[in-house]
$ cat entry34.cif   # mmCIF, N, CA and C atoms and all ligand atoms
data_work
loop_
_atom_site.label_atom_id
_atom_site.label_comp_id
_atom_site.auth_asym_id
_atom_site.auth_seq_id
_atom_site.Cartn_x
_atom_site.Cartn_y
_atom_site.Cartn_z
N MET K 1 53.76 161.61 58.43
CA MET K 1 54.82 162.43 57.85
C MET K 1 55.92 162.64 58.89
N ALA K 2 57.08 162.14 58.57
CA ALA K 2 58.18 162.25 59.54
C ALA K 2 58.77 163.65 59.54
N ILE K 3 59.09 164.13 60.71
CA ILE K 3 59.69 165.44 60.86
C ILE K 3 61.19 165.20 61.06
N THR K 4 62.01 165.99 60.39
CA THR K 4 63.44 165.79 60.61
C THR K 4 64.06 167.05 61.21
N TRP K 5 65.07 166.81 62.01
CA TRP K 5 65.80 167.93 62.61
C TRP K 5 66.61 168.59 61.51
N SER K 6 66.70 169.90 61.51
CA SER K 6 67.58 170.59 60.56
C SER K 6 68.28 171.72 61.30
N ASN K 7 69.24 172.32 60.61
CA ASN K 7 70.03 173.38 61.24
C ASN K 7 69.22 174.54 61.77
N GLN K 8 68.03 174.71 61.24
CA GLN K 8 67.21 175.83 61.73
C GLN K 8 66.85 175.65 63.21
N TYR K 9 67.01 174.41 63.72
CA TYR K 9 66.70 174.15 65.13
C TYR K 9 67.94 174.14 66.03
N ALA K 10 69.10 174.48 65.45
CA ALA K 10 70.34 174.42 66.22
C ALA K 10 70.35 175.42 67.38
N THR K 11 70.90 174.98 68.50
CA THR K 11 70.95 175.85 69.69
C THR K 11 72.35 176.37 69.99
N SER K 12 73.34 175.89 69.27
CA SER K 12 74.76 176.19 69.49
C SER K 12 75.37 175.30 70.57
N VAL K 13 74.57 174.41 71.17
CA VAL K 13 75.12 173.44 72.12
C VAL K 13 74.90 172.04 71.52
N PRO K 14 75.98 171.41 71.00
CA PRO K 14 75.83 170.13 70.30
C PRO K 14 75.11 169.05 71.11
N GLU K 15 75.40 168.98 72.41
CA GLU K 15 74.77 167.95 73.25
C GLU K 15 73.24 168.12 73.26
N ILE K 16 72.81 169.36 73.39
CA ILE K 16 71.37 169.65 73.41
C ILE K 16 70.75 169.34 72.05
N ASP K 17 71.46 169.66 70.98
CA ASP K 17 70.94 169.36 69.65
C ASP K 17 70.78 167.85 69.46
N GLU K 18 71.74 167.08 69.99
CA GLU K 18 71.63 165.61 69.89
C GLU K 18 70.40 165.13 70.63
N HIS K 19 70.15 165.69 71.80
CA HIS K 19 68.95 165.30 72.57
C HIS K 19 67.69 165.61 71.75
N HIS K 20 67.66 166.79 71.17
CA HIS K 20 66.47 167.19 70.39
C HIS K 20 66.25 166.24 69.22
N LYS K 21 67.35 165.84 68.58
CA LYS K 21 67.23 164.90 67.44
C LYS K 21 66.60 163.60 67.91
N THR K 22 67.08 163.10 69.07
CA THR K 22 66.55 161.84 69.59
C THR K 22 65.06 161.97 69.92
N ILE K 23 64.69 163.06 70.54
CA ILE K 23 63.27 163.25 70.90
C ILE K 23 62.40 163.28 69.64
N ILE K 24 62.84 163.99 68.63
CA ILE K 24 62.07 164.07 67.38
C ILE K 24 61.97 162.68 66.74
N THR K 25 63.08 161.94 66.73
CA THR K 25 63.07 160.58 66.17
C THR K 25 62.09 159.69 66.93
N GLN K 26 62.11 159.81 68.25
CA GLN K 26 61.19 158.98 69.06
C GLN K 26 59.73 159.34 68.81
N LEU K 27 59.46 160.62 68.62
CA LEU K 27 58.08 161.04 68.31
C LEU K 27 57.66 160.49 66.95
N ASN K 28 58.58 160.50 65.99
CA ASN K 28 58.28 159.91 64.67
C ASN K 28 58.01 158.41 64.81
N THR K 29 58.84 157.74 65.62
CA THR K 29 58.67 156.30 65.83
C THR K 29 57.31 156.02 66.45
N LEU K 30 56.96 156.81 67.47
CA LEU K 30 55.68 156.63 68.14
C LEU K 30 54.54 156.78 67.14
N HIS K 31 54.63 157.81 66.32
CA HIS K 31 53.60 158.07 65.31
C HIS K 31 53.49 156.88 64.34
N ASP K 32 54.64 156.40 63.85
CA ASP K 32 54.64 155.29 62.89
C ASP K 32 54.08 154.02 63.51
N GLN K 33 54.49 153.74 64.74
CA GLN K 33 54.01 152.53 65.41
C GLN K 33 52.50 152.57 65.58
N MET K 34 51.97 153.73 65.90
CA MET K 34 50.52 153.83 66.08
C MET K 34 49.80 153.72 64.74
N LYS K 35 50.36 154.38 63.74
CA LYS K 35 49.73 154.35 62.42
C LYS K 35 49.72 152.93 61.85
N GLN K 36 50.81 152.21 62.11
CA GLN K 36 50.91 150.84 61.59
C GLN K 36 50.22 149.81 62.47
N GLY K 37 49.57 150.28 63.52
CA GLY K 37 48.85 149.37 64.40
C GLY K 37 49.73 148.37 65.13
N LYS K 38 50.90 148.81 65.56
CA LYS K 38 51.81 147.93 66.31
C LYS K 38 51.20 147.59 67.66
N GLY K 39 51.77 146.56 68.29
CA GLY K 39 51.22 146.10 69.57
C GLY K 39 51.28 147.15 70.67
N LYS K 40 50.37 147.00 71.62
CA LYS K 40 50.26 147.95 72.71
C LYS K 40 51.57 148.07 73.49
N GLN K 41 52.21 146.91 73.74
CA GLN K 41 53.43 146.90 74.55
C GLN K 41 54.55 147.68 73.87
N GLU K 42 54.63 147.52 72.56
CA GLU K 42 55.68 148.20 71.79
C GLU K 42 55.50 149.73 71.89
N ILE K 43 54.26 150.16 71.79
CA ILE K 43 53.95 151.59 71.85
C ILE K 43 54.20 152.13 73.26
N ILE K 44 53.84 151.34 74.26
CA ILE K 44 54.07 151.76 75.64
C ILE K 44 55.58 151.89 75.91
N SER K 45 56.37 150.96 75.38
CA SER K 45 57.84 151.05 75.56
C SER K 45 58.37 152.34 74.97
N THR K 46 57.90 152.70 73.78
CA THR K 46 58.36 153.94 73.15
C THR K 46 57.96 155.15 74.00
N LEU K 47 56.74 155.13 74.50
CA LEU K 47 56.26 156.23 75.35
C LEU K 47 57.09 156.33 76.63
N GLU K 48 57.42 155.18 77.19
CA GLU K 48 58.23 155.18 78.42
C GLU K 48 59.64 155.70 78.15
N PHE K 49 60.21 155.25 77.04
CA PHE K 49 61.55 155.72 76.69
C PHE K 49 61.51 157.24 76.47
N LEU K 50 60.51 157.69 75.72
CA LEU K 50 60.36 159.11 75.42
C LEU K 50 60.25 159.93 76.71
N THR K 51 59.48 159.45 77.65
CA THR K 51 59.29 160.17 78.92
C THR K 51 60.59 160.25 79.71
N THR K 52 61.26 159.11 79.87
CA THR K 52 62.50 159.08 80.63
C THR K 52 63.57 159.93 79.97
N TYR K 53 63.70 159.77 78.66
CA TYR K 53 64.73 160.49 77.92
C TYR K 53 64.48 162.00 77.96
N THR K 54 63.22 162.37 77.77
CA THR K 54 62.88 163.80 77.77
C THR K 54 63.15 164.43 79.13
N LYS K 55 62.85 163.71 80.19
CA LYS K 55 63.12 164.24 81.54
C LYS K 55 64.62 164.46 81.73
N MET K 56 65.42 163.51 81.27
CA MET K 56 66.88 163.63 81.37
C MET K 56 67.34 164.86 80.59
N HIS K 57 66.80 164.99 79.38
CA HIS K 57 67.18 166.13 78.53
C HIS K 57 66.77 167.47 79.16
N PHE K 58 65.54 167.53 79.65
CA PHE K 58 65.06 168.78 80.26
C PHE K 58 65.94 169.17 81.45
N ALA K 59 66.30 168.19 82.27
CA ALA K 59 67.14 168.48 83.44
C ALA K 59 68.49 169.06 82.99
N ALA K 60 69.07 168.46 81.95
CA ALA K 60 70.37 168.92 81.45
C ALA K 60 70.25 170.35 80.91
N GLU K 61 69.20 170.58 80.16
CA GLU K 61 69.01 171.90 79.54
C GLU K 61 68.70 172.97 80.58
N GLU K 62 67.90 172.60 81.57
CA GLU K 62 67.57 173.56 82.64
C GLU K 62 68.83 173.95 83.42
N LYS K 63 69.69 172.98 83.66
CA LYS K 63 70.93 173.25 84.41
C LYS K 63 71.81 174.22 83.61
N LEU K 64 71.89 173.93 82.32
CA LEU K 64 72.70 174.77 81.44
C LEU K 64 72.18 176.22 81.45
N MET K 65 70.88 176.38 81.32
CA MET K 65 70.30 177.72 81.31
C MET K 65 70.51 178.42 82.65
N GLN K 66 70.44 177.65 83.72
CA GLN K 66 70.65 178.23 85.05
C GLN K 66 72.11 178.66 85.20
N ASP K 67 73.04 177.74 84.82
CA ASP K 67 74.47 178.04 84.93
C ASP K 67 74.86 179.28 84.13
N TYR K 68 74.26 179.44 82.97
CA TYR K 68 74.60 180.59 82.12
C TYR K 68 73.68 181.78 82.34
N ARG K 69 72.84 181.66 83.35
CA ARG K 69 71.88 182.72 83.70
C ARG K 69 71.09 183.22 82.49
N CYS K 70 70.51 182.30 81.77
CA CYS K 70 69.68 182.69 80.62
C CYS K 70 68.39 183.33 81.13
N PRO K 71 68.01 184.44 80.55
CA PRO K 71 66.77 185.11 81.00
C PRO K 71 65.52 184.24 80.87
N VAL K 72 65.53 183.30 79.94
CA VAL K 72 64.33 182.47 79.74
C VAL K 72 64.36 181.18 80.56
N ALA K 73 65.34 181.06 81.47
CA ALA K 73 65.49 179.81 82.24
C ALA K 73 64.19 179.39 82.94
N GLU K 74 63.54 180.33 83.60
CA GLU K 74 62.32 180.00 84.35
C GLU K 74 61.18 179.61 83.42
N LEU K 75 61.03 180.35 82.36
CA LEU K 75 59.99 180.06 81.37
C LEU K 75 60.24 178.68 80.73
N ASN K 76 61.50 178.40 80.50
CA ASN K 76 61.87 177.10 79.93
C ASN K 76 61.40 175.97 80.85
N LYS K 77 61.67 176.12 82.15
CA LYS K 77 61.25 175.11 83.13
C LYS K 77 59.74 174.91 83.11
N GLN K 78 59.02 176.01 83.11
CA GLN K 78 57.55 175.94 83.11
C GLN K 78 57.03 175.20 81.89
N GLN K 79 57.63 175.50 80.74
CA GLN K 79 57.17 174.85 79.51
C GLN K 79 57.50 173.37 79.51
N HIS K 80 58.63 173.01 80.15
CA HIS K 80 59.00 171.59 80.24
C HIS K 80 57.97 170.81 81.06
N VAL K 81 57.52 171.43 82.16
CA VAL K 81 56.50 170.78 82.99
C VAL K 81 55.26 170.52 82.13
N GLU K 82 54.92 171.52 81.33
CA GLU K 82 53.74 171.43 80.45
C GLU K 82 53.89 170.26 79.46
N PHE K 83 55.08 170.13 78.90
CA PHE K 83 55.29 169.06 77.91
C PHE K 83 55.16 167.68 78.56
N ILE K 84 55.78 167.51 79.72
CA ILE K 84 55.70 166.21 80.41
C ILE K 84 54.23 165.89 80.72
N GLN K 85 53.48 166.91 81.13
CA GLN K 85 52.04 166.70 81.39
C GLN K 85 51.33 166.24 80.12
N LYS K 86 51.71 166.81 79.00
CA LYS K 86 51.11 166.43 77.73
C LYS K 86 51.40 164.96 77.41
N VAL K 87 52.65 164.55 77.62
CA VAL K 87 53.04 163.18 77.31
C VAL K 87 52.29 162.20 78.24
N VAL K 88 52.20 162.56 79.52
CA VAL K 88 51.49 161.71 80.48
C VAL K 88 50.00 161.60 80.08
N ALA K 89 49.40 162.74 79.73
CA ALA K 89 47.99 162.74 79.32
C ALA K 89 47.81 161.90 78.06
N PHE K 90 48.80 161.99 77.18
CA PHE K 90 48.76 161.22 75.95
C PHE K 90 48.76 159.72 76.26
N GLY K 91 49.63 159.31 77.18
CA GLY K 91 49.71 157.90 77.60
C GLY K 91 48.39 157.42 78.19
N LYS K 92 47.74 158.28 78.95
CA LYS K 92 46.44 157.90 79.55
C LYS K 92 45.39 157.73 78.46
N ARG K 93 45.42 158.64 77.50
CA ARG K 93 44.47 158.53 76.39
C ARG K 93 44.72 157.25 75.61
N PHE K 94 45.99 156.91 75.46
CA PHE K 94 46.32 155.69 74.71
C PHE K 94 45.77 154.46 75.42
N GLU K 95 45.85 154.46 76.75
CA GLU K 95 45.30 153.33 77.53
C GLU K 95 43.82 153.15 77.23
N VAL K 96 43.11 154.26 77.06
CA VAL K 96 41.66 154.21 76.85
C VAL K 96 41.31 153.97 75.37
N GLU K 97 41.91 154.78 74.51
CA GLU K 97 41.52 154.78 73.09
C GLU K 97 42.29 153.81 72.21
N GLY K 98 43.48 153.41 72.68
CA GLY K 98 44.37 152.65 71.81
C GLY K 98 44.86 153.58 70.70
N ALA K 99 45.38 153.01 69.61
CA ALA K 99 45.96 153.83 68.55
C ALA K 99 44.87 154.38 67.63
N SER K 100 43.98 155.18 68.17
CA SER K 100 42.91 155.75 67.35
C SER K 100 43.51 156.77 66.38
N PRO K 101 42.83 157.00 65.24
CA PRO K 101 43.36 157.98 64.28
C PRO K 101 43.51 159.38 64.90
N THR K 102 42.59 159.75 65.78
CA THR K 102 42.67 161.08 66.40
C THR K 102 43.91 161.19 67.27
N LEU K 103 44.18 160.13 68.01
CA LEU K 103 45.33 160.15 68.90
C LEU K 103 46.64 160.10 68.10
N THR K 104 46.62 159.34 67.01
CA THR K 104 47.80 159.25 66.14
C THR K 104 48.12 160.63 65.58
N LEU K 105 47.10 161.34 65.15
CA LEU K 105 47.28 162.70 64.62
C LEU K 105 47.75 163.67 65.70
N ALA K 106 47.30 163.43 66.92
CA ALA K 106 47.64 164.32 68.04
C ALA K 106 49.14 164.34 68.31
N ILE K 107 49.85 163.28 67.96
CA ILE K 107 51.31 163.27 68.17
C ILE K 107 51.92 164.42 67.41
N GLN K 108 51.48 164.55 66.15
CA GLN K 108 51.98 165.62 65.30
C GLN K 108 51.60 166.99 65.86
N HIS K 109 50.33 167.14 66.15
CA HIS K 109 49.83 168.46 66.53
C HIS K 109 50.20 168.89 67.95
N GLU K 110 50.10 167.95 68.88
CA GLU K 110 50.28 168.34 70.28
C GLU K 110 51.69 168.12 70.81
N LEU K 111 52.41 167.17 70.23
CA LEU K 111 53.74 166.89 70.76
C LEU K 111 54.86 167.38 69.84
N THR K 112 54.86 166.93 68.59
CA THR K 112 55.96 167.31 67.69
C THR K 112 55.95 168.82 67.41
N ASP K 113 54.81 169.35 67.04
CA ASP K 113 54.74 170.80 66.76
C ASP K 113 55.11 171.60 68.01
N TRP K 114 54.65 171.11 69.15
CA TRP K 114 54.95 171.80 70.42
C TRP K 114 56.46 171.88 70.63
N ILE K 115 57.13 170.73 70.48
CA ILE K 115 58.57 170.70 70.79
C ILE K 115 59.35 171.56 69.79
N LEU K 116 58.96 171.53 68.53
CA LEU K 116 59.69 172.32 67.53
C LEU K 116 59.52 173.82 67.81
N ASN K 117 58.30 174.19 68.17
CA ASN K 117 58.02 175.57 68.50
C ASN K 117 58.80 176.01 69.75
N HIS K 118 58.88 175.11 70.71
CA HIS K 118 59.62 175.38 71.94
C HIS K 118 61.12 175.57 71.65
N ILE K 119 61.65 174.72 70.78
CA ILE K 119 63.08 174.83 70.41
C ILE K 119 63.33 176.20 69.77
N LEU K 120 62.46 176.57 68.84
CA LEU K 120 62.65 177.84 68.12
C LEU K 120 62.52 179.06 69.03
N LYS K 121 61.55 179.02 69.93
CA LYS K 121 61.28 180.21 70.75
C LYS K 121 62.11 180.28 72.03
N ILE K 122 62.34 179.15 72.66
CA ILE K 122 63.00 179.15 73.97
C ILE K 122 64.43 178.59 73.91
N ASP K 123 64.55 177.35 73.45
CA ASP K 123 65.86 176.70 73.52
C ASP K 123 66.93 177.43 72.70
N GLN K 124 66.51 178.04 71.61
CA GLN K 124 67.49 178.73 70.78
C GLN K 124 68.06 179.99 71.44
N GLN K 125 67.43 180.41 72.52
CA GLN K 125 67.98 181.56 73.24
C GLN K 125 69.29 181.19 73.93
N LEU K 126 69.57 179.90 73.96
CA LEU K 126 70.88 179.46 74.48
C LEU K 126 72.02 180.11 73.71
N LYS K 127 71.76 180.35 72.43
CA LYS K 127 72.79 180.97 71.58
C LYS K 127 73.29 182.28 72.19
N ASN K 128 72.37 183.02 72.81
CA ASN K 128 72.74 184.32 73.38
C ASN K 128 73.40 184.20 74.76
N CYS K 129 73.19 183.07 75.43
CA CYS K 129 73.70 182.95 76.81
C CYS K 129 75.01 182.17 76.88
N VAL K 130 75.12 181.12 76.08
CA VAL K 130 76.29 180.24 76.16
C VAL K 130 77.41 180.80 75.27
N GLN K 131 78.40 181.37 75.92
CA GLN K 131 79.51 181.90 75.12
C GLN K 131 80.84 181.59 75.77
FE FE L 201 63.69 173.52 76.50
#
$ encode --input "entry34.cif" --output "structure tokens"
Amino acid sequence: MAITWSNQYATSVPEIDEHHKTIITQLNTLHDQMKQGKGKQEIISTLEFLTTYTKMHFAAEEKLMQDYRCPVAELNKQQHVEFIQKVVAFGKRFEVEGASPTLTLAIQHELTDWILNHILKIDQQLKNCVQ
């Protein structure tokens, strides 16, 4: 089931919203590739892109929160570290298990749900800081 970005996830910073859209799209792609039993290399490329892109996005967002002195800046950083750890752990599991049904489902539960929840609780606080 593909998750789509909607206005409820808007942060008031268009650049950040674009990043979030890309991350959600990549997570959907990863899920579909695993479900459809695509080749290992194809899935690894998506995981690598997702990791690199997410790190770039997190750095941009952290800078923004720091520049605008958002009260949640530190918490945001901590949660970003957690997410990257999740993605790395996911990649390791993929090396061992391949596209198992449990791992395919985990994208939804551990990565997509996590990021959406993070956007709603933390990233949206940008609305109060960026003016
Ligand atoms: Fe964030």
$ residues_near_point --input "entry34.cif" --point "(76.3, 178.6, 75.4)" --cutoff "10 Å" --atoms "only C-alpha atoms" --output "list in words"
Thr11, Ser12, Val13, Pro14, Leu64, Met65, Asp67, Tyr68, Cys70, Gln124, Gln125, Leu126, Lys127, Asn128, Cys129, Val130 and Gln131 of chain K
$ residues_near_ligand --input "entry34.cif" --ligand "ligand FE 201 (chain L)" --cutoff "7 Å" --atoms "only C-alpha atoms and all ligand atoms" --output "number ranges by chain"
K: 58, 61, 76, 80, 118-119, 122-123
$ atom_distance --input "entry34.cif" --atom1 "atom CA of Tyr53 of chain K" --atom2 "atom CA of Phe90 of chain K"
16.1 Å
$ select_by_dssp --input "entry34.cif" --residues "segment 8-122 of chain K" --states "alpha helix (DSSP H)" --output "PyMOL selection string"
chain K and resi 14-35+40-67+73-97+101-106+113-121
$ atom_distance --input "entry34.cif" --atom1 "atom CA of Gln79 of chain K" --atom2 "atom CA of Ser100 of chain K"
26.8 Å
$ closest_residue --input "entry34.cif" --among "K:Ile16, K:Ala89, K:Leu30, K:Ile3" --to "Ile43 of chain K" --atoms "only N, CA and C atoms"
K:Leu30
$ atom_distance --input "entry34.cif" --atom1 "atom CA of Trp5 of chain K" --atom2 "atom CA of His109 of chain K"
16.5 Å
$ residues_around --input "entry34.cif" --residues "Phe94 of chain K" --least-positions-apart "5" --cutoff "12 Å" --atoms "only C-alpha atoms" --output "NGL selection string"
:K and (30 or 34 or 39-41 or 43-44 or 47 or 87-89 or 99-104 or 106-107)
$ closest_residue --input "entry34.cif" --among "K:Lys92, K:Lys121, K:His57, K:Lys77" --to "Lys21 of chain K" --atoms "only C-alpha atoms"
K:His57
$ residues_around --input "entry34.cif" --residues "Thr54 of chain K" --least-positions-apart "6" --cutoff "8 Å" --atoms "all atoms listed in the file" --output "PyMOL selection string"
chain K and resi 19+23+48+60+84
$ build_atoms --input "entry34.cif" --residues "segment 58-77 of chain K" --atoms "N, CA, C and O atoms" --output "PDB file, in the frame of the given file"
ATOM      1  N   PHE K  58      65.540 167.530  79.650  1.00  0.00           N
ATOM      2  CA  PHE K  58      65.060 168.780  80.260  1.00  0.00           C
ATOM      3  C   PHE K  58      65.940 169.170  81.450  1.00  0.00           C
ATOM      4  O   PHE K  58      66.285 170.341  81.616  1.00  0.00           O
ATOM      5  N   ALA K  59      66.300 168.190  82.270  1.00  0.00           N
ATOM      6  CA  ALA K  59      67.140 168.480  83.440  1.00  0.00           C
ATOM      7  C   ALA K  59      68.490 169.060  82.990  1.00  0.00           C
ATOM      8  O   ALA K  59      68.975 170.048  83.556  1.00  0.00           O
ATOM      9  N   ALA K  60      69.070 168.460  81.950  1.00  0.00           N
ATOM     10  CA  ALA K  60      70.370 168.920  81.450  1.00  0.00           C
ATOM     11  C   ALA K  60      70.250 170.350  80.910  1.00  0.00           C
ATOM     12  O   ALA K  60      71.083 171.226  81.189  1.00  0.00           O
ATOM     13  N   GLU K  61      69.200 170.580  80.160  1.00  0.00           N
ATOM     14  CA  GLU K  61      69.010 171.900  79.540  1.00  0.00           C
ATOM     15  C   GLU K  61      68.700 172.970  80.580  1.00  0.00           C
ATOM     16  O   GLU K  61      69.203 174.101  80.496  1.00  0.00           O
ATOM     17  N   GLU K  62      67.900 172.600  81.570  1.00  0.00           N
ATOM     18  CA  GLU K  62      67.570 173.560  82.640  1.00  0.00           C
ATOM     19  C   GLU K  62      68.830 173.950  83.420  1.00  0.00           C
ATOM     20  O   GLU K  62      69.006 175.111  83.794  1.00  0.00           O
ATOM     21  N   LYS K  63      69.690 172.980  83.660  1.00  0.00           N
ATOM     22  CA  LYS K  63      70.930 173.250  84.410  1.00  0.00           C
ATOM     23  C   LYS K  63      71.810 174.220  83.610  1.00  0.00           C
ATOM     24  O   LYS K  63      72.363 175.154  84.147  1.00  0.00           O
ATOM     25  N   LEU K  64      71.890 173.930  82.320  1.00  0.00           N
ATOM     26  CA  LEU K  64      72.700 174.770  81.440  1.00  0.00           C
ATOM     27  C   LEU K  64      72.180 176.220  81.450  1.00  0.00           C
ATOM     28  O   LEU K  64      72.942 177.178  81.605  1.00  0.00           O
ATOM     29  N   MET K  65      70.880 176.380  81.320  1.00  0.00           N
ATOM     30  CA  MET K  65      70.300 177.720  81.310  1.00  0.00           C
ATOM     31  C   MET K  65      70.510 178.420  82.650  1.00  0.00           C
ATOM     32  O   MET K  65      70.719 179.640  82.687  1.00  0.00           O
ATOM     33  N   GLN K  66      70.440 177.650  83.720  1.00  0.00           N
ATOM     34  CA  GLN K  66      70.650 178.230  85.050  1.00  0.00           C
ATOM     35  C   GLN K  66      72.110 178.660  85.200  1.00  0.00           C
ATOM     36  O   GLN K  66      72.414 179.763  85.634  1.00  0.00           O
ATOM     37  N   ASP K  67      73.040 177.740  84.820  1.00  0.00           N
ATOM     38  CA  ASP K  67      74.470 178.040  84.930  1.00  0.00           C
ATOM     39  C   ASP K  67      74.860 179.280  84.130  1.00  0.00           C
ATOM     40  O   ASP K  67      75.709 180.054  84.559  1.00  0.00           O
ATOM     41  N   TYR K  68      74.260 179.440  82.970  1.00  0.00           N
ATOM     42  CA  TYR K  68      74.600 180.590  82.120  1.00  0.00           C
ATOM     43  C   TYR K  68      73.680 181.780  82.340  1.00  0.00           C
ATOM     44  O   TYR K  68      73.719 182.750  81.603  1.00  0.00           O
ATOM     45  N   ARG K  69      72.840 181.660  83.350  1.00  0.00           N
ATOM     46  CA  ARG K  69      71.880 182.720  83.700  1.00  0.00           C
ATOM     47  C   ARG K  69      71.090 183.220  82.490  1.00  0.00           C
ATOM     48  O   ARG K  69      71.006 184.438  82.220  1.00  0.00           O
ATOM     49  N   CYS K  70      70.510 182.300  81.770  1.00  0.00           N
ATOM     50  CA  CYS K  70      69.680 182.690  80.620  1.00  0.00           C
ATOM     51  C   CYS K  70      68.390 183.330  81.130  1.00  0.00           C
ATOM     52  O   CYS K  70      67.754 182.788  82.033  1.00  0.00           O
ATOM     53  N   PRO K  71      68.010 184.440  80.550  1.00  0.00           N
ATOM     54  CA  PRO K  71      66.770 185.110  81.000  1.00  0.00           C
ATOM     55  C   PRO K  71      65.520 184.240  80.870  1.00  0.00           C
ATOM     56  O   PRO K  71      64.560 184.441  81.594  1.00  0.00           O
ATOM     57  N   VAL K  72      65.530 183.300  79.940  1.00  0.00           N
ATOM     58  CA  VAL K  72      64.330 182.470  79.740  1.00  0.00           C
ATOM     59  C   VAL K  72      64.360 181.180  80.560  1.00  0.00           C
ATOM     60  O   VAL K  72      63.490 180.312  80.387  1.00  0.00           O
ATOM     61  N   ALA K  73      65.340 181.060  81.470  1.00  0.00           N
ATOM     62  CA  ALA K  73      65.490 179.810  82.240  1.00  0.00           C
ATOM     63  C   ALA K  73      64.190 179.390  82.940  1.00  0.00           C
ATOM     64  O   ALA K  73      63.786 178.225  82.873  1.00  0.00           O
ATOM     65  N   GLU K  74      63.540 180.330  83.600  1.00  0.00           N
ATOM     66  CA  GLU K  74      62.320 180.000  84.350  1.00  0.00           C
ATOM     67  C   GLU K  74      61.180 179.610  83.420  1.00  0.00           C
ATOM     68  O   GLU K  74      60.478 178.623  83.651  1.00  0.00           O
ATOM     69  N   LEU K  75      61.030 180.350  82.360  1.00  0.00           N
ATOM     70  CA  LEU K  75      59.990 180.060  81.370  1.00  0.00           C
ATOM     71  C   LEU K  75      60.240 178.680  80.730  1.00  0.00           C
ATOM     72  O   LEU K  75      59.298 177.905  80.500  1.00  0.00           O
ATOM     73  N   ASN K  76      61.500 178.400  80.500  1.00  0.00           N
ATOM     74  CA  ASN K  76      61.870 177.100  79.930  1.00  0.00           C
ATOM     75  C   ASN K  76      61.400 175.970  80.850  1.00  0.00           C
ATOM     76  O   ASN K  76      60.763 175.014  80.403  1.00  0.00           O
ATOM     77  N   LYS K  77      61.670 176.120  82.150  1.00  0.00           N
ATOM     78  CA  LYS K  77      61.250 175.110  83.130  1.00  0.00           C
ATOM     79  C   LYS K  77      59.740 174.910  83.110  1.00  0.00           C
ATOM     80  O   LYS K  77      59.256 173.786  83.114  1.00  0.00           O
TER      81      LYS K  77
END
